[in-house]
Amino acid sequence: MVVIPPRARTLLRQAAQTAAANKRAAAEQLYRQIIREFPQVADGWVGLAEVIGDESEKRRVLEHALTLEPEHREAQQQLYLLDHPEADPPALENENRSPILVEQADAPSSDGGDLPPAPIPFGTLEPMPQAADDEELIFYCATHPSVRTNLRCYSCGKLICSRCSRHTPVGWRCNTCIHEAQEVYFNAETAHYLLAFFASTFIAGIGGFIVPIVGFFTIFLAAGIGSIIGRVAFRLTGRRRGRYLPHTVAAAVVVGGLMPGVLAFLLSLLLVTFTGEMSFLSSFNFFWRAVYVALAASAAFYQVR
């Protein structure tokens with residue numbers, strides 16, 4: 001008898017319960033997880049064959065299960081029923097007989113020729129080793145295999161833990177399902193990202209020239225300029241949403257806001273090189289410029305978000 005690892009037994013019971021609840025998609029995912037982690041366990045391949053609908057794939061899965069365990073009765077039964085779809089699943093007639101299709105074996109063939117080959121005898125599966133009582137409730141996160149959990153994703157049925165899940169109005173969902181659901185609302189393309197970046201850089205650069213003049217009043221102007229940048233970028237992109245569009249606009253504000261100061265500093269270095277005296281350009285207040293960049297980038301980010 002093939003010895004099945006304890007974790008594989010736990011996942012097999014879990015997948016069987018999911019399939020019995022008519023959640024075939026979730027059960028298929030669990031069985032595929034089993035054959036990934038334990039490809040040598042034939043029961044995982046047989047269970048997968050029970051929940052998939054493609055007959056060609058089901059045949060390949062069952063044949064692979066028989067290569068792992070040639071005497072696997074359930075795999076033999078499913079494969080026989082694929083070859084004989086009109087046949088009824090055999091049942092045990094009594095405890096002392098193997099459930100062979102006696103009626104079909106005894107019936108003569110319609111063309112008067114030889115009898116068809118006797119069907120493969122079926123029997124009950126050997127009982128799977130039972131786990132200890134405390135093992136029944138031990139499940140592991142699909143993303144973090146070392147973390148125990150009893151929580152499932154509401155959408156796909158995958159086992160999840162607190163680190164890879166989020167609570168939604170319909171229940172707990174995994175990050176993958178949430179990411180796929182959010183993608184519907186993000187329709188910004190590459191051209192929109194480029195347009196938002198260059199427009200934000202230009203406007204932020206204008207504000208960067210004003211900052212040294214207004215000094216302290218930068219605190220009051222920076223947030224307003226950032227809001228204007230965010231609104232302009234949002235309108236230029238046709239009010240489209242992008243997962244990383246707010247980050248792009250914020251980065252553009254930083255680039256545009258610091259660019260005048262960098263240019264002024266480089267120009268001062270050139271003047272010092274040729275004249276030996278510091279120009280007034282070197283006295284630009286980088287402190288207020290940093291304040292401007294921080295406040296404007298934050299305001300633009302949340303305006304586009």
# chains A, B, ... in the order shown; residues from 1 in each chain; ligands from 1
>>> residues_around(residues="Phe301 in chain A", least_positions_apart="5", cutoff="9 Å", atoms="only C-alpha atoms", output="PDB file with N, CA and C atoms, in the first residue's frame")
ATOM      1  N   GLY A 226       0.106  71.412  -6.029  1.00  0.00           N
ATOM      2  CA  GLY A 226       0.010  69.962  -6.198  1.00  0.00           C
ATOM      3  C   GLY A 226      -1.386  69.533  -6.601  1.00  0.00           C
ATOM      4  N   SER A 227      -2.412  70.143  -6.005  1.00  0.00           N
ATOM      5  CA  SER A 227      -3.794  69.812  -6.380  1.00  0.00           C
ATOM      6  C   SER A 227      -4.071  70.184  -7.832  1.00  0.00           C
ATOM      7  N   GLY A 230      -2.462  67.617 -10.069  1.00  0.00           N
ATOM      8  CA  GLY A 230      -3.239  66.373 -10.093  1.00  0.00           C
ATOM      9  C   GLY A 230      -4.478  66.483 -10.953  1.00  0.00           C
ATOM     10  N   LEU A 245      -0.500  55.354 -11.915  1.00  0.00           N
ATOM     11  CA  LEU A 245      -0.593  56.731 -12.390  1.00  0.00           C
ATOM     12  C   LEU A 245      -0.350  57.741 -11.271  1.00  0.00           C
ATOM     13  N   PRO A 246      -0.886  57.568 -10.066  1.00  0.00           N
ATOM     14  CA  PRO A 246      -0.562  58.523  -8.986  1.00  0.00           C
ATOM     15  C   PRO A 246       0.929  58.562  -8.669  1.00  0.00           C
ATOM     16  N   HIS A 247       1.597  57.412  -8.703  1.00  0.00           N
ATOM     17  CA  HIS A 247       3.030  57.388  -8.431  1.00  0.00           C
ATOM     18  C   HIS A 247       3.809  58.123  -9.532  1.00  0.00           C
ATOM     19  N   THR A 248       3.324  57.991 -10.777  1.00  0.00           N
ATOM     20  CA  THR A 248       3.982  58.669 -11.893  1.00  0.00           C
ATOM     21  C   THR A 248       3.873  60.182 -11.749  1.00  0.00           C
ATOM     22  N   VAL A 249       2.687  60.659 -11.397  1.00  0.00           N
ATOM     23  CA  VAL A 249       2.480  62.098 -11.233  1.00  0.00           C
ATOM     24  C   VAL A 249       3.314  62.625 -10.063  1.00  0.00           C
ATOM     25  N   ALA A 250       3.364  61.904  -8.954  1.00  0.00           N
ATOM     26  CA  ALA A 250       4.151  62.342  -7.803  1.00  0.00           C
ATOM     27  C   ALA A 250       5.638  62.404  -8.151  1.00  0.00           C
ATOM     28  N   ALA A 296       3.675  69.303  -2.489  1.00  0.00           N
ATOM     29  CA  ALA A 296       3.031  69.262  -3.805  1.00  0.00           C
ATOM     30  C   ALA A 296       2.908  67.830  -4.318  1.00  0.00           C
TER      31      ALA A 296
END
>>> residues_around(residues="Arg166 in chain A", least_positions_apart="4", cutoff="12 Å", atoms="only C-alpha atoms", output="list in words")
Leu151, Arg152, Cys153, Tyr154, Ser155, Ile160, Cys161, Ser162, Val170, Gly171, Trp172, Arg173, Cys174, Asn175, Thr176, Cys177, Ile178 and His179 of chain A
>>> atom_distance(atom1="CA of Ala191 in chain A", atom2="CA of Ile210 in chain A")
29.5 Å
>>> atom_distance(atom1="CA of Leu11 in chain A", atom2="CA of Gln40 in chain A")
14.3 Å
>>> closest_residue(among="A:Ala42, A:Gly157, A:Asn22, A:Gln29", to="Arg9 in chain A", atoms="only C-alpha atoms")
A:Ala42
>>> closest_residue(among="A:Val304, A:Leu295, A:Leu266, A:Cys141", to="Tyr193 in chain A", atoms="only C-alpha atoms")
A:Val304
>>> residues_around(residues="Val291 in chain A", least_positions_apart="2", cutoff="8 Å", atoms="only C-alpha atoms", output="list in words")
Thr218, Ile219, Ala222, Phe287, Trp288, Arg289, Val293, Ala294 and Leu295 of chain A
>>> write_last_selection(atoms="C-alpha atoms", output="PDB file, in the first residue's frame")
ATOM      1  CA  THR A 218       5.676  77.980   0.089  1.00  0.00           C
ATOM      2  CA  ILE A 219       3.856  76.126   2.872  1.00  0.00           C
ATOM      3  CA  ALA A 222       2.671  73.977  -2.381  1.00  0.00           C
ATOM      4  CA  PHE A 287      15.052  73.915   2.310  1.00  0.00           C
ATOM      5  CA  TRP A 288      11.908  75.561   0.973  1.00  0.00           C
ATOM      6  CA  ARG A 289      12.337  73.732  -2.284  1.00  0.00           C
ATOM      7  CA  VAL A 293       8.347  69.103  -3.414  1.00  0.00           C
ATOM      8  CA  ALA A 294       7.080  67.088  -0.436  1.00  0.00           C
ATOM      9  CA  LEU A 295       3.763  68.931  -0.087  1.00  0.00           C
TER      10      LEU A 295
END
>>> closest_residue(among="A:Val232, A:Ala16, A:Leu221, A:Leu62", to="Gln303 in chain A", atoms="only C-alpha atoms")
A:Val232
